[in-house]
Structures are given as C-alpha cells and as structure tokens.
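Peer 1: Mind looking over this structure? Questions follow.
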Amino acid sequence: MLPLVAIVGRPNVGKSTLFNRVVGGRAAIAHDEPGVTRDRRYAEGEWAGRRFRVCDTGGLDPGGAGISALVHRQARQAVDEADVVVFVLDALEGITPADREVADLLRRQGPRAVLYAANKVDSDRREAFVGEVYALGAAEVHGISASHGRGVGDLLDAVVALLPPAEPGAEAEEGTGPLRLAFVGRPNVGKSSLVNRLLGAERVLVHDQPGTTRDPVDTPFEYRGRRFVLCDTAGMRRRARVDESVEQVAALLAERAAVRADVCAVVIDGAEGPTEQDARLCDLIERAGRGAVLVLSKSDRWRAGDDRRLRREVREQLGFVSWAEVVVTSARTGEGVTKIIDAAARAWEAHGRRVPTSELNRVFEGIVERHPPPGIKGQPVRLYYATQAQARPPSFVITASRPDAITASYRRYLMHEIRKAFDFTGTPVRLRFHGRGKSRRSRA
C-alpha cells in the first residue's frame, strides 16, 4: 500500500485546492462556501519520483454539532490513518481559536509527522503570518498559495522527505488495476449506507439530510481475493432542481464518476420505486457503454408483495437496461449487499468478453435461420456473417445485403439473441451493420 498524506485544517482554508494541485486536475470540489468537502477523498500523487496517496478531508471542527461533528470525525479518522499530515491555515484570516484547537489535537496524536502550510500567502504583508504559525508549536512552516502553486513544490519536498521507505513492489502492485465500482443514484437513496455496510466501517458520511455526499469518495476494497475501488457519489437530481453552484459541480462530478467507472451500481429507493431521474441516469450509463447493476435498496422497509411489484416497475420503466442484474438490498440488515459485488464482477467479465469468430457465426446462423429479417419491397434482406469488432462494451459488425433495411425490432431481436447465447448480462451490447462493399452503414 502506498503511504498516505492527509490534508487537514478547519473549514474553508483551501484544503481541496491544495489537494487538486497535488494530484492534478479537479478531483475535489473547491468553493468559497465553508464545509463543501465532507467525506474523505483519496487520490494518488507523485513528487520527486515517489508515489503516495493523498486524502482531502472536511474541516476539523472540535466544537461542531450535527453534520459538522460527523465531518470532524471523518477528518480525525484520516489523521489516524496518515503517515504525514499537512495542517493548512488561512493567512488572510490569521490564527483563530479553531486553529489552536486543531493544533492541540494534532499534538496529542503522538509522534506522527505534521507539516504546517500557511495558505493564501501571495504578498509580503501576508508573509508575516508565517511567523505567527510558529507560535502554534510548528517546527517548520511553509508559506504557499494553493491556487497559484507558489511554495507547493517546497512543501512537497518536505512531504516526500518524511514518507516511510517504499516497500519493495508496493508501487508496482498499485498499478494492476482494481475494478472501479461507482454507486450512483438520486439523493438519499442509501448509496453511502451500502458502501459503509460493505466496508464494515463508517467510511463515508451518512445523514438524513439529502445531498450529504458531494465529492465522489473512492475507497479501496478487497472481496474474495479481488481488488475493487468503491466510489460513492453525490445524489443526481433533475438539473432544473439543482440551484446551488456547489450542487451543480457535485452532480457533474458524479456523472463523470459514472462514465469513468468500470461498472455502475444504480441505487434505486425501494420505498419509492424507479423514477424518471433513475431512467435518465441509466440512459447516461448505457450511452457511455458501462456495465451496470440495478440495486433496490431499503428492503427492510418493504411490505409483502413489494418485491414483485418493484421488479415489474423496473421492467416497465427501465426496460432499455433489462440486461442489468437486479439486486435487492438493505444496508441496515446487510441483506444482499455482497451480491452487488458479485453482480459487478460478472458484469465486468461480460463487458470484456470476446467471442471467437467461428463460434459467433455458428450461433449467428442459427439465430437468423430461426427468424430471418423481414424483406423490403418483396426483396429478401440477407445477413452474411458477424464479427466482434471490440470488447468493453462488446461490439459486433454484421455484414448485410441491405443494412439500411434492418428494422429496429429486428435489431433488438438480434441483440437479445446474441446476449442470451453468450451471457452478456450486465453490459450493453453494440451492433453495427454494413454492406459487403462498406458503402452502406447502419448502427444499433
């Protein structure tokens, strides 16, 4: 496992901006609204030839209540895990009582390495603030501007110097590629609760206030010897109902997480059933060519007959992703939660499956013989052979005499039969038709 660097401090001092600067890109939401980051957010960074994990945290607020107290607990857990802690302070506001409480908390943590970063130091006047930080007990203070990058290189030099020696083979092992499983869905459907149940720990923040999760939260996870990354995402609402800029960015990052995942677990509130927003999300995943599992949550609240009713509603409203497995779960009781992982592994396997051309055409001939394509203007439409062009998702090219004459219903028939013959459960399948001279093309 790569060593861990935790970025901590009170709310709105620039932790997420520094996190984004270190890992590259916009991996976390940075905004001038206090408390935007709530869960721990992990990513990999590299400096001077050393790779390490970086953890962005919510604000440490020793006196907070409600969600603030839960955020504080998440940040404390990050400190407990870390090899090096970067304590970020705001040079514009000066030292506050909350900063002193955090500094005292970090001193009580024991011998863990702590670096002090005075952020927003972009003028000589603010340089004087660096001297004030030493009064908190800092052995070394780094004046930085996370937004402009000033001083960040010197800070990272100090971070790398404090990292424990690299374990032989640890960094090579990190690049082998775990299966990335994103939990997506509307707000408050139970995504974070399911992730926590799988992990057996309060890894992501759970609260009955919708929109608790904002940044996508990645967590390494191992199940039956197989490595995963579980990605908990913000709830996706209809765009017309997303007013705050923070929520807009959170929804955008959630969509990106879904598109970049290997498999998406679409969590549907079993107490309400599938909605128009669930259908929109499934359509996004299907168009992106990602594997999917449909997760019906909160089964502990169901009444007799709800299981059958919900499955019928899923077939009716989400029929275009009928290829996805349906899993019934309860984060409270643990029912079905590991079935999500099993279904995701099957979906990923099917997503990358390749069918030998000879076997494909043997099956394809039988499919066409059982139900030939309808003719056009009295002339038959002939299908000659099929080849698999690619995997992830499985994509097939079918050579036909009149590709433009293949009806939508017959395309669906071919797709269904190919899926059934080669067990492409959990993944979309693509079909493309072209003529023998490749002058006429058609896609499905």
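Labels used: A, B, ... for chains in the order of the structure tokens, numbers from 1 for residues in each chain, and numbers from 1 for ligands as shown.
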So that I can check the secondary structure, give me every residue of stretch 260-346 of chain A assigned strand (DSSP E or B) by backbone DSSP, as a PyMOL selection string.
Peer 2: chain A and resi 263-269+291-297+325-328
Peer 1: Leaving out stretch 313-323 of chain A and any residue of its chain fewer than 3 positions from it, which residues lie within 9 Å of it when counting only C-alpha atoms, given as a compact mmCIF listing (two decimals) with N, CA and C atoms, in the first residue's frame?
Peer 2:
```txt
# COMPACT_ATOMS: atom_id res chain seq x y z
N GLY A 273 -39.58 3.22 -5.54
CA GLY A 273 -39.60 2.64 -6.86
C GLY A 273 -38.84 3.49 -7.86
N PRO A 274 -38.63 2.99 -9.08
CA PRO A 274 -37.86 3.73 -10.09
C PRO A 274 -38.58 5.01 -10.52
N THR A 275 -37.80 6.03 -10.83
CA THR A 275 -38.33 7.33 -11.21
C THR A 275 -37.77 7.75 -12.57
N GLU A 276 -38.25 8.87 -13.04
CA GLU A 276 -37.76 9.44 -14.31
C GLU A 276 -36.27 9.74 -14.22
N ASP A 278 -34.06 8.14 -12.35
CA ASP A 278 -33.35 6.86 -12.45
C ASP A 278 -33.20 6.46 -13.92
N ALA A 279 -34.26 6.67 -14.70
CA ALA A 279 -34.21 6.33 -16.13
C ALA A 279 -33.18 7.18 -16.85
N CYS A 282 -29.74 5.81 -15.98
CA CYS A 282 -29.48 4.55 -16.69
C CYS A 282 -29.18 4.80 -18.17
N ASP A 283 -29.88 5.77 -18.74
CA ASP A 283 -29.62 6.12 -20.14
C ASP A 283 -28.21 6.66 -20.31
N GLU A 286 -25.88 3.64 -20.16
CA GLU A 286 -25.98 2.82 -21.37
C GLU A 286 -25.27 3.48 -22.53
N ALA A 292 -23.55 -2.34 -15.63
CA ALA A 292 -24.44 -1.81 -14.60
C ALA A 292 -25.09 -2.92 -13.79
N LEU A 294 -28.56 -2.95 -11.12
CA LEU A 294 -29.66 -2.18 -10.55
C LEU A 294 -29.88 -2.65 -9.12
N ARG A 308 -42.13 -8.19 -5.83
CA ARG A 308 -42.69 -8.47 -7.16
C ARG A 308 -43.12 -7.18 -7.86
N ARG A 309 -43.74 -6.27 -7.10
CA ARG A 309 -44.19 -5.01 -7.69
C ARG A 309 -43.01 -4.18 -8.20
N LEU A 310 -41.96 -4.07 -7.40
CA LEU A 310 -40.81 -3.26 -7.78
C LEU A 310 -40.10 -3.83 -9.00
N VAL A 326 -30.71 -7.28 -11.30
CA VAL A 326 -31.41 -6.56 -10.22
C VAL A 326 -31.06 -7.24 -8.90
N HIS A 416 -30.79 -9.29 -28.51
CA HIS A 416 -31.27 -10.15 -27.43
C HIS A 416 -30.73 -11.57 -27.58
N ARG A 419 -26.95 -11.67 -26.91
CA ARG A 419 -26.73 -11.52 -25.47
C ARG A 419 -27.02 -12.82 -24.73
N PHE A 424 -24.15 -12.06 -22.00
CA PHE A 424 -23.66 -10.70 -21.83
C PHE A 424 -24.50 -9.95 -20.79
N THR A 425 -24.87 -10.63 -19.71
CA THR A 425 -25.62 -10.00 -18.63
C THR A 425 -24.76 -8.94 -17.96
N GLY A 426 -25.33 -7.77 -17.76
CA GLY A 426 -24.64 -6.73 -17.03
C GLY A 426 -23.92 -5.72 -17.90
N THR A 427 -23.93 -5.92 -19.22
CA THR A 427 -23.20 -4.99 -20.10
C THR A 427 -24.06 -4.65 -21.31
N PRO A 428 -23.98 -3.41 -21.79
CA PRO A 428 -24.62 -3.10 -23.07
C PRO A 428 -23.89 -3.82 -24.20
```
Peer 1: Do a neighbour search on A:Ala421 at 12 Å with only C-alpha atoms, toss out local chain neighbours closer than 4 positions, and write the hits as a list in words.
Peer 2: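 Residues near the query, excluding close chain neighbours: Val355, Glu359, Leu360, Asn361, Arg362, Val363, Phe364, Gly366, Ile367, Leu414, Met415, His416, Glu417 and Thr425 of chain A.
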Peer 1: For the residues in the current selection, export C-alpha atoms as a PDB file, in the first residue's frame.
Peer 2:
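Saved file selection18.pdb follows:
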```pdb
ATOM      1  CA  VAL A 355     -16.301 -14.462 -28.805  1.00  0.00           C
ATOM      2  CA  GLU A 359     -18.340 -19.753 -32.656  1.00  0.00           C
ATOM      3  CA  LEU A 360     -20.076 -16.424 -33.190  1.00  0.00           C
ATOM      4  CA  ASN A 361     -21.067 -17.274 -36.755  1.00  0.00           C
ATOM      5  CA  ARG A 362     -22.211 -20.770 -35.859  1.00  0.00           C
ATOM      6  CA  VAL A 363     -24.633 -19.236 -33.341  1.00  0.00           C
ATOM      7  CA  PHE A 364     -25.457 -16.301 -35.630  1.00  0.00           C
ATOM      8  CA  GLY A 366     -28.951 -20.364 -36.112  1.00  0.00           C
ATOM      9  CA  ILE A 367     -30.382 -17.051 -34.899  1.00  0.00           C
ATOM     10  CA  LEU A 414     -30.507  -9.950 -32.829  1.00  0.00           C
ATOM     11  CA  MET A 415     -29.119  -8.122 -29.820  1.00  0.00           C
ATOM     12  CA  HIS A 416     -31.268 -10.147 -27.425  1.00  0.00           C
ATOM     13  CA  GLU A 417     -30.310 -13.466 -29.004  1.00  0.00           C
ATOM     14  CA  THR A 425     -25.622  -9.996 -18.633  1.00  0.00           C
TER      15      THR A 425
END
```
Peer 1: Of the candidates A:Leu179, A:Val102, A:Val86, A:Leu4, which one gets nearest to A:Ile144 if we count only C-alpha atoms?
Peer 2: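 Looking only at the distances to A:Ile144, the closest residue turns out to be A:Val86.
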Peer 1: A:Arg112, A:Arg436, A:Arg107, A:His351: which is nearest A:Arg402, counting only C-alpha atoms?
Peer 2: A:Arg436
